[in-house]
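K.L.:
Sending over input-v7.txt (compact mmCIF, C-alpha atoms).
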# COMPACT_ATOMS: atom_id res chain seq x y z
CA MET A 1 101.14 136.97 131.57
CA GLU A 2 98.16 137.05 129.25
CA GLU A 3 95.36 139.50 129.84
CA TYR A 4 93.03 137.17 128.03
CA HIS A 5 92.50 134.02 129.95
CA SER A 6 89.62 133.14 127.73
CA GLY A 7 89.50 129.68 129.24
CA ASP A 8 88.52 128.06 125.98
CA GLU A 9 90.81 125.81 124.00
CA VAL A 10 92.82 127.05 121.05
CA ALA A 11 91.13 125.90 117.86
CA PHE A 12 93.15 124.50 114.98
CA ASN A 13 94.32 127.11 112.46
CA PRO A 14 94.20 125.52 109.02
CA ASP A 15 95.83 128.45 107.20
CA GLU A 16 98.96 128.36 109.29
CA ALA A 17 99.22 124.61 108.87
CA SER A 18 98.60 124.87 105.16
CA ASN A 19 101.40 127.38 104.68
CA ALA A 20 103.85 125.31 106.69
CA VAL A 21 103.01 122.25 104.60
CA LYS A 22 103.29 124.08 101.26
CA GLU A 23 106.79 125.19 102.14
CA CYS A 24 107.77 121.65 103.05
CA ILE A 25 106.45 120.27 99.77
CA GLU A 26 108.28 122.92 97.75
CA GLY A 27 111.43 122.20 99.67
CA VAL A 28 111.36 118.49 98.92
CA ILE A 29 109.94 118.13 95.40
CA GLY A 30 109.91 121.72 94.17
CA GLY A 31 111.79 121.43 90.93
CA VAL A 32 111.95 117.69 90.25
CA ASP A 33 110.23 115.18 87.99
CA TYR A 34 108.53 112.02 89.20
CA ASN A 35 111.16 109.39 89.94
CA GLN A 36 110.07 105.99 91.14
CA ASN A 37 113.32 105.35 92.96
CA LYS A 38 113.08 108.50 94.99
CA VAL A 39 109.39 108.90 95.64
CA ASN A 40 109.62 106.80 98.79
CA GLN A 41 112.17 109.21 100.25
CA TRP A 42 110.15 112.22 99.16
CA THR A 43 106.93 111.23 100.86
CA ALA A 44 108.81 110.36 104.03
CA SER A 45 110.61 113.73 104.00
CA ILE A 46 107.45 115.67 103.35
CA VAL A 47 105.57 114.10 106.25
CA GLU A 48 108.50 114.40 108.63
CA HIS A 49 109.28 118.02 107.84
CA SER A 50 105.63 119.01 107.93
CA LEU A 51 105.16 117.33 111.27
CA THR A 52 108.24 119.04 112.70
CA GLN A 53 107.01 122.46 111.57
CA LEU A 54 103.59 121.84 113.05
CA VAL A 55 104.95 120.67 116.38
CA LYS A 56 107.19 123.77 116.49
CA GLN A 57 104.06 125.91 116.55
CA GLY A 58 103.79 124.70 120.13
CA LYS A 59 100.03 124.23 120.19
CA PRO A 60 98.36 121.56 122.36
CA PHE A 61 97.53 119.15 119.54
CA LYS A 62 98.26 115.63 118.40
CA TYR A 63 98.94 115.58 114.65
CA ILE A 64 98.56 113.14 111.80
CA VAL A 65 100.15 114.11 108.48
CA ASN A 66 99.31 112.05 105.42
CA CYS A 67 100.99 112.49 102.02
CA ALA A 68 100.21 110.91 98.64
CA VAL A 69 102.37 111.44 95.56
CA MET A 70 101.02 110.27 92.24
CA GLN A 71 102.61 110.23 88.81
CA LYS A 72 100.63 112.13 86.17
CA SER A 73 99.49 109.61 83.64
CA GLY A 74 95.81 110.20 83.17
CA ALA A 75 94.67 107.87 85.92
CA GLY A 76 91.84 109.02 88.16
CA LEU A 77 92.51 109.47 91.86
CA HIS A 78 89.97 110.24 94.52
CA THR A 79 90.45 110.65 98.26
CA ALA A 80 88.01 111.15 101.12
CA ASN A 81 88.37 111.65 104.88
CA SER A 82 85.90 111.26 107.65
CA CYS A 83 86.55 112.24 111.26
CA TYR A 84 84.91 111.48 114.55
CA TRP A 85 86.15 114.14 116.98
CA ASP A 86 85.38 117.35 118.81
CA THR A 87 84.44 119.82 116.09
CA THR A 88 85.03 122.85 118.32
CA THR A 89 88.73 122.15 118.83
CA ASP A 90 89.89 119.67 116.20
CA GLY A 91 90.39 120.25 112.53
CA SER A 92 92.13 119.33 109.33
CA CYS A 93 93.50 120.89 106.22
CA THR A 94 94.48 119.47 102.87
CA VAL A 95 97.09 120.90 100.52
CA ARG A 96 97.07 119.96 96.83
CA TRP A 97 100.21 120.61 94.84
CA GLU A 98 101.32 119.64 91.37
CA ASN A 99 104.05 120.08 88.85
CA ARG A 100 104.50 118.80 85.31
CA THR A 101 104.94 115.13 86.24
CA MET A 102 103.21 114.52 89.54
CA TYR A 103 100.50 115.42 92.00
CA CYS A 104 101.06 115.71 95.73
CA VAL A 105 98.22 115.74 98.26
CA VAL A 106 99.02 116.32 101.92
CA SER A 107 96.40 116.14 104.67
CA VAL A 108 96.97 117.34 108.20
CA PHE A 109 94.66 116.30 111.04
CA ALA A 110 94.97 118.03 114.41
CA VAL A 111 93.30 116.59 117.48
CA ALA A 112 93.26 118.67 120.66
CA VAL A 113 94.97 117.28 123.72
CA ALA A 114 93.00 117.54 126.93
CA LEU A 115 95.23 119.38 129.37
CA GLN B 116 96.39 99.84 126.92
CA LEU B 117 98.34 99.61 123.67
CA LEU B 118 97.07 96.07 123.09
CA VAL B 119 93.50 97.11 123.61
CA THR B 120 93.99 99.93 121.16
CA ALA B 121 95.53 97.65 118.58
CA ASP B 122 92.69 95.17 118.94
CA GLU B 123 90.07 97.81 118.48
CA ILE B 124 91.80 99.12 115.43
CA HIS B 125 92.09 95.64 113.98
CA ILE B 126 88.47 94.94 114.64
CA GLY B 127 87.86 98.20 112.84
CA ALA B 128 90.04 96.98 110.02
CA SER B 129 88.10 93.80 109.46
CA LEU B 130 84.86 95.73 109.57
CA LYS B 131 86.45 98.14 107.16
CA GLY B 132 87.46 95.30 104.89
CA ASN B 133 83.85 94.21 104.81
CA SER B 134 82.45 97.62 104.21
CA THR B 135 84.93 98.29 101.43
CA LYS B 136 83.92 95.11 99.66
CA PHE B 137 80.29 95.76 100.25
CA THR B 138 80.36 99.22 98.77
CA ILE B 139 82.52 98.84 95.70
CA GLY B 140 83.37 95.15 95.47
CA GLY B 141 81.99 94.24 92.09
CA ASN B 142 82.40 97.51 90.25
CA ALA B 143 84.81 98.82 87.66
CA TYR B 144 86.37 102.26 88.14
CA GLN B 145 83.90 104.96 87.13
CA HIS B 146 84.84 108.59 87.41
CA SER B 147 81.26 109.65 87.97
CA ARG B 148 80.73 107.33 90.91
CA VAL B 149 84.06 107.29 92.67
CA ASN B 150 83.13 110.33 94.74
CA GLN B 151 80.15 108.46 96.17
CA TRP B 152 82.24 105.35 96.82
CA THR B 153 84.96 107.09 98.80
CA ASN B 154 82.33 108.88 100.85
CA ASN B 155 80.43 105.66 101.53
CA VAL B 156 83.54 103.80 102.55
CA VAL B 157 84.68 106.41 105.05
CA GLU B 158 81.21 106.93 106.47
CA GLN B 159 80.54 103.25 106.94
CA CYS B 160 83.92 102.64 108.54
CA LEU B 161 83.46 105.57 110.88
CA SER B 162 80.02 104.47 112.00
CA GLN B 163 81.23 100.92 112.67
CA LEU B 164 84.12 102.29 114.70
CA SER B 165 82.03 104.70 116.74
CA LYS B 166 79.63 101.84 117.50
CA LEU B 167 82.50 100.13 119.30
CA GLY B 168 81.92 102.69 122.03
CA LYS B 169 85.58 103.13 122.92
CA PRO B 170 86.96 106.44 124.24
CA PHE B 171 88.65 107.35 120.97
CA LYS B 172 88.52 110.04 118.35
CA TYR B 173 88.81 108.56 114.84
CA ILE B 174 90.08 109.68 111.47
CA VAL B 175 89.37 107.52 108.42
CA THR B 176 90.88 108.27 105.03
CA CYS B 177 90.22 106.51 101.75
CA ILE B 178 92.06 106.72 98.44
CA ILE B 179 90.70 105.16 95.27
CA MET B 180 92.96 105.08 92.25
CA GLN B 181 92.27 103.84 88.76
CA LYS B 182 94.71 101.19 87.53
CA ASN B 183 96.59 102.47 84.56
CA GLY B 184 100.23 101.98 85.35
CA ALA B 185 100.75 105.24 87.27
CA GLY B 186 102.86 105.10 90.40
CA LEU B 187 101.33 106.09 93.73
CA GLN B 188 103.20 106.50 96.99
CA THR B 189 101.68 107.48 100.32
CA ALA B 190 103.30 108.17 103.67
CA CYS B 191 102.04 109.16 107.04
CA SER B 192 103.63 110.66 110.12
CA CYS B 193 101.94 110.98 113.50
CA PHE B 194 102.61 113.01 116.63
CA TRP B 195 100.61 111.40 119.42
CA ASP B 196 100.76 109.26 122.52
CA ASN B 197 102.41 105.97 121.54
CA THR B 198 100.98 104.10 124.50
CA THR B 199 97.34 104.67 123.62
CA ASP B 200 97.02 105.80 120.01
CA GLY B 201 97.36 103.74 116.86
CA SER B 202 96.53 103.29 113.23
CA CYS B 203 96.08 100.66 110.60
CA THR B 204 95.84 100.59 106.82
CA VAL B 205 93.88 98.25 104.57
CA ARG B 206 94.79 97.85 100.88
CA TRP B 207 92.23 96.42 98.54
CA GLU B 208 92.10 96.06 94.76
CA ASN B 209 90.08 94.69 91.92
CA LYS B 210 90.77 94.58 88.20
CA SER B 211 90.28 98.29 87.59
CA MET B 212 91.19 100.09 90.78
CA TYR B 213 93.09 100.22 94.05
CA CYS B 214 91.54 101.28 97.32
CA ILE B 215 93.59 102.21 100.38
CA VAL B 216 91.82 102.92 103.67
CA SER B 217 93.63 104.18 106.78
CA VAL B 218 92.14 104.41 110.23
CA PHE B 219 93.72 106.48 113.02
CA GLY B 220 92.48 106.16 116.60
CA LEU B 221 93.43 108.76 119.22
CA ALA B 222 92.61 108.22 122.84
CA ILE B 223 90.60 110.86 124.58
Would you mind writing the file out in structure tokens?
P.N.:
Amino acid sequence: MEEYHSGDEVAFNPDEASNAVKECIEGVIGGVDYNQNKVNQWTASIVEHSLTQLVKQGKPFKYIVNCAVMQKSGAGLHTANSCYWDTTTDGSCTVRWENRTMYCVVSVFAVAVAL
Amino acid sequence: QLLVTADEIHIGASLKGNSTKFTIGGNAYQHSRVNQWTNNVVEQCLSQLSKLGKPFKYIVTCIIMQKNGAGLQTACSCFWDNTTDGSCTVRWENKSMYCIVSVFGLAI
């Protein structure tokens, strides 16, 4: 049993989540060029794998994983997030990744579950 | 409970639709202002949603993309309680840009 029963909730660890997500992105689109026919599959794989890895960490959180893949063509892209939650326990992290032909932005939001 | 959630989110969506139009409706894409726009959109949506006074935590995301022929694909996966939590996405565009706003509501 744990010596530390600190009694307070586990806070979200963005670094761990970020690493898990980076591996998932590399695994799915690591060496490939933007392909319109496949991008649908890629985004779905990235969010599913990321979510699975996060859930495996076994922490008491609900998760939302959001992924955007954009072809590099000089267009401007801007994203923003705003969250109404418990700042002591909930958190988010965003991973930005790119290769020669595309950008990938994945955001993870973790909301603590009241036990 | 699921119906109530869905209704709240859809009310949020129509409020969102209004706030999106209000903030950036008549403008052309401008790199120097897009930062402000995305921030305004998410803040306004969030304040409308929290005014609803429901026992939810909210996450609002907004993407604004310039129209120049590039492809954009987004996906989202959620691990939550299907009976009480929900989301909705609003897509909006004008001649020079696309705006996609997603709202996620998680029951407390």
K.L.:
Can you work out the spacing between atom CA of B:Asn155 and atom CA of B:Cys193 in Å, to one decimal?
P.N.:
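One can read the atom CA of B:Asn155 to atom CA of B:Cys193 distance as 25.2 Å.
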K.L.:
Using all atoms listed in the file, which of the listed residues (A:Cys83, A:Cys93, A:Ala17, A:Cys24) sits closest to chain B?
P.N.:
A:Cys83
K.L.:
Can I get the residues of chain A within 9 Å of chain B, each with the closest pair of atoms and their distance in Å to one decimal, using all atoms listed in the file, sorted chain first then ascending number, as CSV?
P.N.:
residue,atom,partner,partner_atom,distance
A:Gln36,CA,B:Gly186,CA,7.3
A:Val39,CA,B:Gln188,CA,6.8
A:Asn40,CA,B:Gln188,CA,6.7
A:Thr43,CA,B:Ala190,CA,5.5
A:Ala44,CA,B:Ala190,CA,5.9
A:Ile46,CA,B:Ala190,CA,8.6
A:Val47,CA,B:Ser192,CA,5.5
A:Glu48,CA,B:Ser192,CA,6.3
A:Ser50,CA,B:Ser192,CA,8.9
A:Leu51,CA,B:Ser192,CA,6.9
A:Val55,CA,B:Phe194,CA,8.0
A:Phe61,CA,B:Trp195,CA,8.3
A:Lys62,CA,B:Trp195,CA,4.9
A:Tyr63,CA,B:Phe194,CA,4.9
A:Ile64,CA,B:Cys193,CA,4.4
A:Val65,CA,B:Ser192,CA,5.2
A:Asn66,CA,B:Cys191,CA,4.3
A:Cys67,CA,B:Ala190,CA,5.2
A:Ala68,CA,B:Thr189,CA,4.1
A:Val69,CA,B:Gln188,CA,5.2
A:Met70,CA,B:Leu187,CA,4.4
A:Gln71,CA,B:Gly186,CA,5.4
A:Lys72,CA,B:Ala185,CA,7.0
A:Ser73,CA,B:Ala185,CA,5.8
A:Gly74,CA,B:Asn183,CA,7.9
A:Ala75,CA,B:Gln181,CA,5.5
A:Gly76,CA,B:Gln181,CA,5.2
A:Leu77,CA,B:Met180,CA,4.4
A:His78,CA,B:Ile179,CA,5.2
A:Thr79,CA,B:Ile178,CA,4.3
A:Ala80,CA,B:Cys177,CA,5.2
A:Asn81,CA,B:Thr176,CA,4.2
A:Ser82,CA,B:Val175,CA,5.2
A:Cys83,CA,B:Ile174,CA,4.4
A:Tyr84,CA,B:Tyr173,CA,4.9
A:Trp85,CA,B:Lys172,CA,4.9
A:Asp86,CA,B:Lys172,CA,8.0
A:Phe109,CA,B:Ile174,CA,8.1
A:Val111,CA,B:Leu221,CA,8.0
A:Val113,CA,B:Ile223,CA,7.8
A:Ala114,CA,B:Ile223,CA,7.5
K.L.:
Have a look at atom CA of A:Glu98 and atom CA of A:Glu26 and let me know their distance in Å, one decimal.
P.N.:
10.0 Å
K.L.:
Report, in Å with one decimal, the straight-line distance from atom CA of B:Asp200 to atom CA of A:Trp97.
P.N.:
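Computed distance, atom CA of B:Asp200 to atom CA of A:Trp97, equals 29.4 Å.
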K.L.:
Go through A:Thr88, A:Pro14, A:Val32, A:Glu23 and flag the residue nearest A:Thr101, using only C-alpha atoms for the distances.
P.N.:
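Residue with the minimum atom-to-atom distance to A:Thr101: A:Val32.
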